[in-house]
Structure formats: C-alpha cells, structure tokens
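Novice: Here it is, the structure in full.
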Amino acid sequence: MSSSDNESLPRECSWYHDDRGLCDRPHLDDDRHFSIELEETFDVETLIPCHARHYVLERMDFEDHENYETKKIHLRTHHDVDFEVNLYNSESVTHFGCKNWEALCKMYGFHEGMLITMDLGDPDIDQDNMDIWVLVDTLPVLPLSYFHSSKNVRKMVDKTHYTGGSELTYQEKNHLVGFCTDIDNYNIYNKTPRHYGQYVPLVHVLNYGNYHGDTLRIPMDCVPHLMYQNGSLRVLNIHPGHPMNLNCPYRISQRSGDMLIKGWKKCMDSRKEVLGSKRKRSARIGDMMISILHNGESGSILFYAILP
C-alpha cells in the first residue's frame with residue numbers, strides 16, 4: 001500500500017482498507033496513539049485509519065476483526081466529558097457513527113480537515129473497560145446541558161446572536177440553556193400563542209452603545225419579522241421566582257432595522273435575581289444580558305435576564 005502525501009501523517013495509508021481489510025504496516029505512535037483527519041461527513045461517519053484498526057479492534061475486544069460487529073465504547077476527554085458511542089466493524093472498515101458521536105463533534109466544534117488524536121491507553125496495563133481518550137487541546141464550545149435539553153431549546157441556543165465582547169464560555173452557556181428552557185416551559189405552561197418565525201436569542205453587554213438615555217437597542221438580527229414599526233411590548237424577567245411584567249413603547253428604525261425600546265430605565269432599576277444566583281440587584285452598565293423577542297397573536301414580549 002502506498003503512503004499518504006500528507007506530511008502531518010507520514011505513515012498513514014492513502015486509503016483506509018485493502019483486500020484483507022487490515023493495513024500491511026500497522027503501527028501506533030508511542031504504542032498507544034493514532035490520529036484521524038476529519039473528512040467532510042465526519043459527524044455522520046468517521047473511519048478508523050487502517051494502520052490503527054488492528055489495535056483498536058484488539059483492545060476493544062472485537063472477536064473477529066473481519067466480521068460485522070458493533071460495540072458500545074466510551075470516548076472520554078480531560079474535561080470530564082464521557083460519551084458512549086457505537087463503534088462499528090465490518091470486513092474492511094471500522095468507524096464511529098451515532099448520535100452521541102455527532103454530539104461529541106458538536107460539543108468541541110470539530111470541523112473538516114481537523115486532526116484528532118486518540119489514546120488507547122498503556123498497552124502494558126490490562127484494561128477491562130471500553131475507553132478511548134480523545135486528546136483535544138481546545139475547550140468545549142457547548143455544555144453537556146445543551147445535549148440534555150429539548151429540541152426547541154437546542155434550536156434557540158444554535159441561533160443565538162452575540163454582539164462584540166459578549167461571547168460566552170461553554171460553562172456560561174449553561175445559563176443560556178437554562179434561560180431558553182425557562183422560556184420554553186413558560187410558553188407551554190401559559191399556552192403562549194404561537195410565535196411568528198423563530199426565536200433568536202441575543203447576548204450582549206449593556207453599554208452606552210446599546211443603552212443610551214432611556215432607550216435600549218436590539219440588533220436587527222434579533223428582531224422578529226412582521227413586527228409593527230411602532231408599538232408596545234411587555235418586558236418579562238421570568239427567571240427565577242415571580243415574573244416581572246412591565247410595558248415599554250418601541251419603534252423599529254427604518255435605517256438600521258434595529259428595535260429601539262423606550263423607558264428601559266425602569267427595567268434597569270427593577271431588582272431581580274441574577275441567573276444562577278439568589279442575589280437580587282438591579283441591572284447596571286457592564287452587565288451581560290440575555291434576551292429573546294417574541295411576536296405572536298397575543299402581542300410582543302421581550303424575555304430577558306441578567307447573567308452573573
């Protein structure tokens with residue numbers, strides 16, 4: 001078999017199987033590591049390189065290396081992440097491919113062309129578990145709570161709009177998931193009439209660029225379609241405890257498409273618990289705020305909360 005032209009993988013074969021389904025020159029780095037370069041459809045199916053197949057199948061206790069068999073194994077990372085995934089073997093290929101594998105890829109923001117290194121463990125130590133360590137240098141981009149949430153909540157989180165300087169860490173996104181979950185539950189419990197379009201959460205830092213005088217500016221990307229150019233909306237802080245319900249007039253700028261909410265000072269002055277904390281206080285410049293605009297048959301609502 002020929003060698004790959006990719007200098008980063010000098011000993012990897014140019015294709016993943018031969019007539020026997022096993023590489024003529026099997027090897028691992030340091031007797032435990034192998035790397036996978038992710039291809040276009042990696043989140044659906046990722047093949048184990050043929051030079052590593054023999055070792056993977058042997059250590060994962062596959063009985064027949066050239067027969068159809070599926071095992072559930074655990075892919076772990078050093079960020080206390082543990083996903084049980086399916087490892088499929090056939091006559092000529094071995095691959096990952098299931099919803100949990102897709103979730104792991106999404107959690108770390110894997111992308112085409114990325115090189116992923118996996119660790120089968122010390123070959124001199126007997127292991128009775130089905131663990132493979134995924135060695136990733138970057139932090140996750142999504143928390144585990146995202147994958148335990150509803151489909152509606154995941155859609156909201158995926159569409160979140162961040163303004164400059166407001167990006168959340170994967171741990172802070174637990175608050176975003178919780179906020180979206182609360183809104184989903186609120187709408188179900190209160191039978192809120194259907195929203196026109198899709199929710200686009202906004203995460204931004206309150207500053208004098210988006211809060212000036214008595215007016216809060218919401219970017220056009222987060223303003224639902226079919227909203228009246230001028231009107232009034234309810235402002236709801238539903239998390240946690242009893243909801244705060246205020247009314248504010250608004251107008252949509254014809255030039256920028258941004259929504260300008262008047263009378264925001266009374267919302268700033270209202271004391272509410274901060275997300276993830278029992279401490280009550282009013283909002284202030286420099287706070288990070290999460291909000292979602294709802295536009296439906298019952299009128300317009302701005303759901304919002306302050307991050308710690």
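Identifiers in the structure tokens: chain A, B, ... in order shown; residue index from 1 per chain; ligand index from 1 in order shown.
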List the neighbours of segment 195-204 of chain A out to 9 Å using only C-alpha atoms; skip same-chain residues closer than 3 positions along the sequence, and give me the result as a ChimeraX atom specification.
Specialist: /A:155-168,176,180,192,207,210,218-219,221-226,287-297
Novice: Store the residues picked out above, limited to N, CA and C atoms, as an mmCIF file, in the first residue's frame.
Specialist:
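Wrote it out as result.cif, contents follow:
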data_model
loop_
_atom_site.group_PDB
_atom_site.id
_atom_site.type_symbol
_atom_site.label_atom_id
_atom_site.label_comp_id
_atom_site.auth_asym_id
_atom_site.auth_seq_id
_atom_site.Cartn_x
_atom_site.Cartn_y
_atom_site.Cartn_z
ATOM 1 N N LYS A 155 -32.434 24.477 19.327
ATOM 2 C CA LYS A 155 -32.591 25.378 18.179
ATOM 3 C C LYS A 155 -32.347 26.822 18.592
ATOM 4 N N MET A 156 -32.882 27.197 19.758
ATOM 5 C CA MET A 156 -32.683 28.565 20.240
ATOM 6 C C MET A 156 -31.207 28.847 20.493
ATOM 7 N N VAL A 157 -30.548 27.928 21.188
ATOM 8 C CA VAL A 157 -29.128 28.119 21.512
ATOM 9 C C VAL A 157 -28.299 28.224 20.231
ATOM 10 N N ASP A 158 -28.624 27.395 19.239
ATOM 11 C CA ASP A 158 -27.869 27.400 17.980
ATOM 12 C C ASP A 158 -28.006 28.720 17.234
ATOM 13 N N LYS A 159 -29.129 29.407 17.413
ATOM 14 C CA LYS A 159 -29.378 30.650 16.678
ATOM 15 C C LYS A 159 -28.944 31.898 17.450
ATOM 16 N N THR A 160 -28.349 31.722 18.618
ATOM 17 C CA THR A 160 -28.011 32.864 19.469
ATOM 18 C C THR A 160 -27.095 33.848 18.751
ATOM 19 N N HIS A 161 -27.433 35.126 18.891
ATOM 20 C CA HIS A 161 -26.649 36.218 18.295
ATOM 21 C C HIS A 161 -25.828 36.882 19.402
ATOM 22 N N TYR A 162 -24.520 36.980 19.180
ATOM 23 C CA TYR A 162 -23.623 37.609 20.147
ATOM 24 C C TYR A 162 -23.102 38.919 19.565
ATOM 25 N N THR A 163 -23.186 39.978 20.354
ATOM 26 C CA THR A 163 -22.552 41.222 19.937
ATOM 27 C C THR A 163 -21.099 41.205 20.400
ATOM 28 N N GLY A 164 -20.302 42.142 19.910
ATOM 29 C CA GLY A 164 -18.878 42.164 20.210
ATOM 30 C C GLY A 164 -18.583 42.152 21.701
ATOM 31 N N GLY A 165 -17.708 41.225 22.120
ATOM 32 C CA GLY A 165 -17.303 41.154 23.516
ATOM 33 C C GLY A 165 -18.262 40.414 24.417
ATOM 34 N N SER A 166 -19.295 39.780 23.845
ATOM 35 C CA SER A 166 -20.297 39.117 24.686
ATOM 36 C C SER A 166 -20.289 37.598 24.542
ATOM 37 N N GLU A 167 -19.275 37.054 23.883
ATOM 38 C CA GLU A 167 -19.235 35.606 23.694
ATOM 39 C C GLU A 167 -19.180 34.890 25.048
ATOM 40 N N LEU A 168 -19.909 33.795 25.151
ATOM 41 C CA LEU A 168 -19.972 33.024 26.390
ATOM 42 C C LEU A 168 -19.030 31.831 26.328
ATOM 43 N N LEU A 176 -27.387 30.132 29.439
ATOM 44 C CA LEU A 176 -28.163 30.336 28.216
ATOM 45 C C LEU A 176 -29.137 29.181 28.001
ATOM 46 N N CYS A 180 -33.256 29.584 28.014
ATOM 47 C CA CYS A 180 -34.104 29.122 26.904
ATOM 48 C C CYS A 180 -35.082 28.046 27.373
ATOM 49 N N THR A 192 -48.767 30.228 25.597
ATOM 50 C CA THR A 192 -48.488 31.444 24.834
ATOM 51 C C THR A 192 -48.780 31.204 23.357
ATOM 52 N N ASN A 207 -24.049 48.570 27.507
ATOM 53 C CA ASN A 207 -23.083 49.671 27.464
ATOM 54 C C ASN A 207 -23.763 50.887 26.842
ATOM 55 N N ASN A 210 -25.509 50.436 23.314
ATOM 56 C CA ASN A 210 -26.835 49.830 23.130
ATOM 57 C C ASN A 210 -27.857 50.320 24.161
ATOM 58 N N ILE A 218 -31.977 46.861 20.313
ATOM 59 C CA ILE A 218 -31.901 45.437 19.983
ATOM 60 C C ILE A 218 -31.510 45.317 18.513
ATOM 61 N N PRO A 219 -30.429 44.587 18.187
ATOM 62 C CA PRO A 219 -29.986 44.496 16.791
ATOM 63 C C PRO A 219 -31.047 43.898 15.869
ATOM 64 N N ASP A 221 -30.877 41.667 13.656
ATOM 65 C CA ASP A 221 -30.831 40.209 13.508
ATOM 66 C C ASP A 221 -31.708 39.491 14.526
ATOM 67 N N CYS A 222 -32.038 40.158 15.628
ATOM 68 C CA CYS A 222 -32.830 39.534 16.691
ATOM 69 C C CYS A 222 -34.273 40.026 16.714
ATOM 70 N N VAL A 223 -34.632 40.891 15.767
ATOM 71 C CA VAL A 223 -35.992 41.439 15.710
ATOM 72 C C VAL A 223 -36.849 40.550 14.808
ATOM 73 N N PRO A 224 -37.946 39.990 15.327
ATOM 74 C CA PRO A 224 -38.789 39.105 14.508
ATOM 75 C C PRO A 224 -39.379 39.840 13.306
ATOM 76 N N HIS A 225 -39.597 39.084 12.249
ATOM 77 C CA HIS A 225 -40.280 39.645 11.085
ATOM 78 C C HIS A 225 -41.744 39.916 11.436
ATOM 79 N N LEU A 226 -42.388 40.717 10.631
ATOM 80 C CA LEU A 226 -43.818 41.022 10.746
ATOM 81 C C LEU A 226 -44.161 41.863 11.973
ATOM 82 N N ASP A 287 -23.166 44.884 32.693
ATOM 83 C CA ASP A 287 -23.791 43.575 32.855
ATOM 84 C C ASP A 287 -23.980 42.903 31.496
ATOM 85 N N MET A 288 -23.922 41.574 31.506
ATOM 86 C CA MET A 288 -24.241 40.814 30.309
ATOM 87 C C MET A 288 -25.700 40.385 30.382
ATOM 88 N N MET A 289 -26.432 40.627 29.307
ATOM 89 C CA MET A 289 -27.869 40.385 29.292
ATOM 90 C C MET A 289 -28.225 39.386 28.199
ATOM 91 N N ILE A 290 -29.158 38.492 28.512
ATOM 92 C CA ILE A 290 -29.730 37.578 27.524
ATOM 93 C C ILE A 290 -31.174 37.994 27.297
ATOM 94 N N SER A 291 -31.591 38.051 26.047
ATOM 95 C CA SER A 291 -32.983 38.407 25.765
ATOM 96 C C SER A 291 -33.481 37.663 24.536
ATOM 97 N N ILE A 292 -34.800 37.513 24.469
ATOM 98 C CA ILE A 292 -35.464 36.916 23.305
ATOM 99 C C ILE A 292 -36.734 37.710 23.041
ATOM 100 N N LEU A 293 -36.929 38.109 21.802
ATOM 101 C CA LEU A 293 -38.140 38.814 21.400
ATOM 102 C C LEU A 293 -39.166 37.820 20.872
ATOM 103 N N HIS A 294 -40.377 37.925 21.404
ATOM 104 C CA HIS A 294 -41.498 37.094 20.951
ATOM 105 C C HIS A 294 -42.505 37.998 20.261
ATOM 106 N N ASN A 295 -42.991 37.575 19.100
ATOM 107 C CA ASN A 295 -44.026 38.329 18.392
ATOM 108 C C ASN A 295 -45.090 37.346 17.920
ATOM 109 N N GLY A 296 -46.268 37.423 18.531
ATOM 110 C CA GLY A 296 -47.332 36.484 18.188
ATOM 111 C C GLY A 296 -48.700 37.130 18.271
ATOM 112 N N GLU A 297 -49.728 36.292 18.253
ATOM 113 C CA GLU A 297 -51.107 36.789 18.243
ATOM 114 C C GLU A 297 -51.447 37.584 19.492
#
Novice: I'd like the neighbourhood of segment 99-114 of chain A as a PyMOL selection string, where a residue qualifies if any of its atoms comes within 9 Å (using only C-alpha atoms), though same-chain residues fewer than 6 positions away should be ignored.
Specialist: chain A and resi 36-45+75+81-86+136+138-144+146-147+170
Novice: Store the residues picked out above, limited to N, CA and C atoms, as a PDB file, in the first residue's frame.
Specialist:
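Output contents, as saved in result09.pdb:
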ATOM      1  N   ILE A  36      -6.716  10.911  13.444  1.00  0.00           N
ATOM      2  CA  ILE A  36      -7.713  10.854  12.378  1.00  0.00           C
ATOM      3  C   ILE A  36      -7.871  12.254  11.805  1.00  0.00           C
ATOM      4  N   GLU A  37      -7.744  12.379  10.496  1.00  0.00           N
ATOM      5  CA  GLU A  37      -8.049  13.653   9.846  1.00  0.00           C
ATOM      6  C   GLU A  37      -9.513  13.626   9.427  1.00  0.00           C
ATOM      7  N   LEU A  38     -10.299  14.556   9.957  1.00  0.00           N
ATOM      8  CA  LEU A  38     -11.744  14.539   9.745  1.00  0.00           C
ATOM      9  C   LEU A  38     -12.093  14.915   8.312  1.00  0.00           C
ATOM     10  N   GLU A  39     -12.946  14.097   7.703  1.00  0.00           N
ATOM     11  CA  GLU A  39     -13.396  14.350   6.343  1.00  0.00           C
ATOM     12  C   GLU A  39     -14.741  15.064   6.358  1.00  0.00           C
ATOM     13  N   GLU A  40     -15.292  15.317   5.196  1.00  0.00           N
ATOM     14  CA  GLU A  40     -16.482  16.168   5.065  1.00  0.00           C
ATOM     15  C   GLU A  40     -17.664  15.665   5.889  1.00  0.00           C
ATOM     16  N   THR A  41     -17.880  14.358   5.911  1.00  0.00           N
ATOM     17  CA  THR A  41     -19.044  13.799   6.612  1.00  0.00           C
ATOM     18  C   THR A  41     -18.642  13.174   7.948  1.00  0.00           C
ATOM     19  N   PHE A  42     -17.640  13.762   8.610  1.00  0.00           N
ATOM     20  CA  PHE A  42     -17.087  13.164   9.832  1.00  0.00           C
ATOM     21  C   PHE A  42     -18.118  12.999  10.937  1.00  0.00           C
ATOM     22  N   ASP A  43     -19.095  13.930  11.036  1.00  0.00           N
ATOM     23  CA  ASP A  43     -20.057  13.847  12.132  1.00  0.00           C
ATOM     24  C   ASP A  43     -21.042  12.700  11.946  1.00  0.00           C
ATOM     25  N   VAL A  44     -21.179  12.211  10.722  1.00  0.00           N
ATOM     26  CA  VAL A  44     -22.054  11.076  10.440  1.00  0.00           C
ATOM     27  C   VAL A  44     -21.282   9.764  10.525  1.00  0.00           C
ATOM     28  N   GLU A  45     -20.079   9.767   9.969  1.00  0.00           N
ATOM     29  CA  GLU A  45     -19.268   8.553   9.936  1.00  0.00           C
ATOM     30  C   GLU A  45     -17.796   8.938   9.913  1.00  0.00           C
ATOM     31  N   LEU A  75     -15.947   7.304  24.817  1.00  0.00           N
ATOM     32  CA  LEU A  75     -14.959   8.293  24.408  1.00  0.00           C
ATOM     33  C   LEU A  75     -14.885   9.346  25.503  1.00  0.00           C
ATOM     34  N   VAL A  81     -15.626  14.836  30.127  1.00  0.00           N
ATOM     35  CA  VAL A  81     -16.665  14.509  29.152  1.00  0.00           C
ATOM     36  C   VAL A  81     -16.594  13.018  28.860  1.00  0.00           C
ATOM     37  N   ASP A  82     -17.749  12.373  28.837  1.00  0.00           N
ATOM     38  CA  ASP A  82     -17.815  10.929  28.596  1.00  0.00           C
ATOM     39  C   ASP A  82     -19.043  10.646  27.740  1.00  0.00           C
ATOM     40  N   PHE A  83     -18.811  10.237  26.490  1.00  0.00           N
ATOM     41  CA  PHE A  83     -19.905   9.887  25.597  1.00  0.00           C
ATOM     42  C   PHE A  83     -19.811   8.404  25.244  1.00  0.00           C
ATOM     43  N   GLU A  84     -20.922   7.693  25.405  1.00  0.00           N
ATOM     44  CA  GLU A  84     -20.978   6.305  24.955  1.00  0.00           C
ATOM     45  C   GLU A  84     -21.372   6.303  23.479  1.00  0.00           C
ATOM     46  N   VAL A  85     -20.494   5.783  22.635  1.00  0.00           N
ATOM     47  CA  VAL A  85     -20.729   5.816  21.192  1.00  0.00           C
ATOM     48  C   VAL A  85     -20.664   4.404  20.624  1.00  0.00           C
ATOM     49  N   ASN A  86     -21.218   4.250  19.439  1.00  0.00           N
ATOM     50  CA  ASN A  86     -21.152   2.971  18.736  1.00  0.00           C
ATOM     51  C   ASN A  86     -19.895   2.917  17.881  1.00  0.00           C
ATOM     52  N   VAL A 136      -7.972  16.483  23.027  1.00  0.00           N
ATOM     53  CA  VAL A 136      -8.293  17.765  22.396  1.00  0.00           C
ATOM     54  C   VAL A 136      -7.676  18.886  23.217  1.00  0.00           C
ATOM     55  N   THR A 138      -8.411  22.152  22.745  1.00  0.00           N
ATOM     56  CA  THR A 138      -9.347  23.259  22.914  1.00  0.00           C
ATOM     57  C   THR A 138     -10.452  22.884  23.894  1.00  0.00           C
ATOM     58  N   LEU A 139     -11.037  23.902  24.504  1.00  0.00           N
ATOM     59  CA  LEU A 139     -12.166  23.694  25.405  1.00  0.00           C
ATOM     60  C   LEU A 139     -13.427  23.393  24.596  1.00  0.00           C
ATOM     61  N   PRO A 140     -14.418  22.756  25.210  1.00  0.00           N
ATOM     62  CA  PRO A 140     -15.698  22.568  24.516  1.00  0.00           C
ATOM     63  C   PRO A 140     -16.318  23.918  24.165  1.00  0.00           C
ATOM     64  N   VAL A 141     -17.199  23.902  23.175  1.00  0.00           N
ATOM     65  CA  VAL A 141     -17.932  25.119  22.818  1.00  0.00           C
ATOM     66  C   VAL A 141     -19.376  25.052  23.300  1.00  0.00           C
ATOM     67  N   LEU A 142     -19.806  23.865  23.744  1.00  0.00           N
ATOM     68  CA  LEU A 142     -21.159  23.691  24.265  1.00  0.00           C
ATOM     69  C   LEU A 142     -21.102  22.858  25.539  1.00  0.00           C
ATOM     70  N   PRO A 143     -21.985  23.137  26.509  1.00  0.00           N
ATOM     71  CA  PRO A 143     -22.008  22.350  27.751  1.00  0.00           C
ATOM     72  C   PRO A 143     -22.834  21.079  27.574  1.00  0.00           C
ATOM     73  N   LEU A 144     -22.668  20.150  28.496  1.00  0.00           N
ATOM     74  CA  LEU A 144     -23.447  18.912  28.450  1.00  0.00           C
ATOM     75  C   LEU A 144     -24.944  19.179  28.566  1.00  0.00           C
ATOM     76  N   TYR A 146     -26.694  21.275  27.163  1.00  0.00           N
ATOM     77  CA  TYR A 146     -27.262  21.504  25.829  1.00  0.00           C
ATOM     78  C   TYR A 146     -27.807  20.205  25.247  1.00  0.00           C
ATOM     79  N   PHE A 147     -27.063  19.115  25.413  1.00  0.00           N
ATOM     80  CA  PHE A 147     -27.440  17.844  24.804  1.00  0.00           C
ATOM     81  C   PHE A 147     -28.537  17.129  25.590  1.00  0.00           C
ATOM     82  N   TYR A 170     -18.164  27.875  27.356  1.00  0.00           N
ATOM     83  CA  TYR A 170     -19.082  26.734  27.346  1.00  0.00           C
ATOM     84  C   TYR A 170     -19.744  26.556  28.708  1.00  0.00           C
TER      85      TYR A 170
END
Novice: Would you please give, as a PyMOL selection string, all residues of segment 52-256 of chain A that DSSP assigns to helix (DSSP H, G or I) based on the backbone?
Specialist: chain A and resi 52-59+99-108+144-147+151-158+173-190+220-222
Novice: Could you save those same residues with N, CA and C atoms as a compact mmCIF listing (two decimals), in the first residue's frame?
Specialist:
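Printed below is part-v3.txt as written:
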# COMPACT_ATOMS: atom_id res chain seq x y z
N ALA A 52 -4.37 1.74 12.26
CA ALA A 52 -4.71 1.64 13.68
C ALA A 52 -5.82 0.63 13.95
N ARG A 53 -6.47 0.13 12.90
CA ARG A 53 -7.63 -0.75 13.08
C ARG A 53 -7.32 -1.97 13.94
N HIS A 54 -6.22 -2.63 13.64
CA HIS A 54 -5.88 -3.85 14.36
C HIS A 54 -5.82 -3.61 15.86
N TYR A 55 -5.20 -2.50 16.27
CA TYR A 55 -5.04 -2.21 17.69
C TYR A 55 -6.37 -1.81 18.33
N VAL A 56 -7.15 -1.02 17.61
CA VAL A 56 -8.45 -0.61 18.14
C VAL A 56 -9.35 -1.83 18.35
N LEU A 57 -9.42 -2.68 17.34
CA LEU A 57 -10.28 -3.86 17.44
C LEU A 57 -9.81 -4.81 18.53
N GLU A 58 -8.50 -4.94 18.66
CA GLU A 58 -7.95 -5.85 19.67
C GLU A 58 -8.22 -5.34 21.08
N ARG A 59 -7.98 -4.05 21.30
CA ARG A 59 -8.13 -3.51 22.66
C ARG A 59 -9.59 -3.27 23.03
N LYS A 99 -25.61 9.13 17.19
CA LYS A 99 -25.99 10.45 17.68
C LYS A 99 -25.01 10.98 18.72
N ASN A 100 -24.48 10.09 19.56
CA ASN A 100 -23.54 10.55 20.58
C ASN A 100 -22.19 10.95 19.96
N TRP A 101 -21.79 10.27 18.90
CA TRP A 101 -20.57 10.69 18.20
C TRP A 101 -20.79 12.07 17.58
N GLU A 102 -21.95 12.27 16.98
CA GLU A 102 -22.29 13.58 16.42
C GLU A 102 -22.30 14.65 17.51
N ALA A 103 -22.82 14.29 18.70
CA ALA A 103 -22.87 15.25 19.81
C ALA A 103 -21.47 15.62 20.27
N LEU A 104 -20.57 14.64 20.37
CA LEU A 104 -19.19 14.93 20.77
C LEU A 104 -18.53 15.88 19.78
N CYS A 105 -18.74 15.63 18.49
CA CYS A 105 -18.18 16.51 17.46
C CYS A 105 -18.70 17.93 17.60
N LYS A 106 -20.00 18.05 17.87
CA LYS A 106 -20.60 19.38 18.01
C LYS A 106 -20.15 20.06 19.29
N MET A 107 -19.99 19.28 20.35
CA MET A 107 -19.60 19.85 21.64
C MET A 107 -18.24 20.53 21.55
N TYR A 108 -17.33 19.97 20.76
CA TYR A 108 -15.98 20.53 20.65
C TYR A 108 -15.77 21.35 19.37
N LEU A 144 -22.67 20.15 28.50
CA LEU A 144 -23.45 18.91 28.45
C LEU A 144 -24.94 19.18 28.57
N SER A 145 -25.31 20.24 29.31
CA SER A 145 -26.74 20.54 29.49
C SER A 145 -27.44 20.78 28.15
N TYR A 146 -26.69 21.28 27.16
CA TYR A 146 -27.26 21.50 25.83
C TYR A 146 -27.81 20.20 25.25
N PHE A 147 -27.06 19.12 25.41
CA PHE A 147 -27.44 17.84 24.80
C PHE A 147 -28.54 17.13 25.59
N LYS A 151 -35.42 19.74 21.86
CA LYS A 151 -35.07 20.15 20.50
C LYS A 151 -35.31 21.64 20.32
N ASN A 152 -36.41 22.16 20.89
CA ASN A 152 -36.70 23.60 20.79
C ASN A 152 -35.59 24.43 21.43
N VAL A 153 -35.13 24.00 22.59
CA VAL A 153 -34.09 24.74 23.30
C VAL A 153 -32.78 24.71 22.50
N ARG A 154 -32.43 23.56 21.96
CA ARG A 154 -31.20 23.47 21.17
C ARG A 154 -31.26 24.37 19.94
N LYS A 155 -32.43 24.48 19.33
CA LYS A 155 -32.59 25.38 18.18
C LYS A 155 -32.35 26.82 18.59
N MET A 156 -32.88 27.20 19.76
CA MET A 156 -32.68 28.56 20.24
C MET A 156 -31.21 28.85 20.49
N VAL A 157 -30.55 27.93 21.19
CA VAL A 157 -29.13 28.12 21.51
C VAL A 157 -28.30 28.22 20.23
N ASP A 158 -28.62 27.39 19.24
CA ASP A 158 -27.87 27.40 17.98
C ASP A 158 -28.01 28.72 17.23
N LYS A 173 -22.56 29.04 29.01
CA LYS A 173 -23.70 28.68 28.16
C LYS A 173 -24.71 27.80 28.91
N ASN A 174 -24.32 27.27 30.07
CA ASN A 174 -25.32 26.59 30.91
C ASN A 174 -26.44 27.56 31.27
N HIS A 175 -26.09 28.84 31.53
CA HIS A 175 -27.10 29.85 31.84
C HIS A 175 -28.00 30.10 30.62
N LEU A 176 -27.39 30.13 29.44
CA LEU A 176 -28.16 30.34 28.22
C LEU A 176 -29.14 29.18 28.00
N VAL A 177 -28.66 27.95 28.20
CA VAL A 177 -29.54 26.78 28.07
C VAL A 177 -30.67 26.86 29.08
N GLY A 178 -30.34 27.23 30.33
CA GLY A 178 -31.36 27.35 31.36
C GLY A 178 -32.39 28.42 31.05
N PHE A 179 -31.92 29.56 30.52
CA PHE A 179 -32.82 30.66 30.16
C PHE A 179 -33.78 30.22 29.05
N CYS A 180 -33.26 29.58 28.01
CA CYS A 180 -34.10 29.12 26.90
C CYS A 180 -35.08 28.05 27.37
N THR A 181 -34.64 27.19 28.30
CA THR A 181 -35.52 26.16 28.85
C THR A 181 -36.66 26.80 29.63
N ASP A 182 -36.35 27.84 30.41
CA ASP A 182 -37.39 28.53 31.18
C ASP A 182 -38.44 29.15 30.26
N ILE A 183 -37.98 29.74 29.15
CA ILE A 183 -38.93 30.35 28.21
C ILE A 183 -39.79 29.28 27.55
N ASP A 184 -39.17 28.17 27.19
CA ASP A 184 -39.92 27.06 26.59
C ASP A 184 -40.99 26.57 27.56
N ASN A 185 -40.61 26.39 28.82
CA ASN A 185 -41.57 25.93 29.83
C ASN A 185 -42.65 26.97 30.10
N TYR A 186 -42.24 28.25 30.13
CA TYR A 186 -43.20 29.34 30.35
C TYR A 186 -44.26 29.34 29.26
N ASN A 187 -43.83 29.21 28.02
CA ASN A 187 -44.77 29.22 26.89
C ASN A 187 -45.72 28.02 26.93
N ILE A 188 -45.18 26.87 27.34
CA ILE A 188 -46.03 25.67 27.43
C ILE A 188 -47.05 25.82 28.55
N TYR A 189 -46.58 26.27 29.72
CA TYR A 189 -47.46 26.39 30.89
C TYR A 189 -48.54 27.45 30.68
N ASN A 190 -48.15 28.58 30.08
CA ASN A 190 -49.09 29.69 29.89
C ASN A 190 -49.81 29.64 28.55
N MET A 220 -31.01 44.31 14.62
CA MET A 220 -31.97 43.87 13.61
C MET A 220 -32.03 42.34 13.52
N ASP A 221 -30.88 41.67 13.66
CA ASP A 221 -30.83 40.21 13.51
C ASP A 221 -31.71 39.49 14.53
N CYS A 222 -32.04 40.16 15.63
CA CYS A 222 -32.83 39.53 16.69
C CYS A 222 -34.27 40.03 16.71
Novice: Between A:Asp119, A:Asp29, A:Asp137, A:Asp131, which is the closest to Leu87 of chain A once you count only C-alpha atoms?
Specialist: A:Asp131
Novice: Pick out the closest residue to Gly121 of chain A from this set: A:Gln171, A:Asp80, A:Asp30, A:Ile48. Count only C-alpha atoms.
Specialist: A:Asp30
Novice: Enumerate the residues of segment 30-96 of chain A with a DSSP assignment of strand (DSSP E or B), computed from the backbone, and present them as a count of residues only.
Specialist: 26
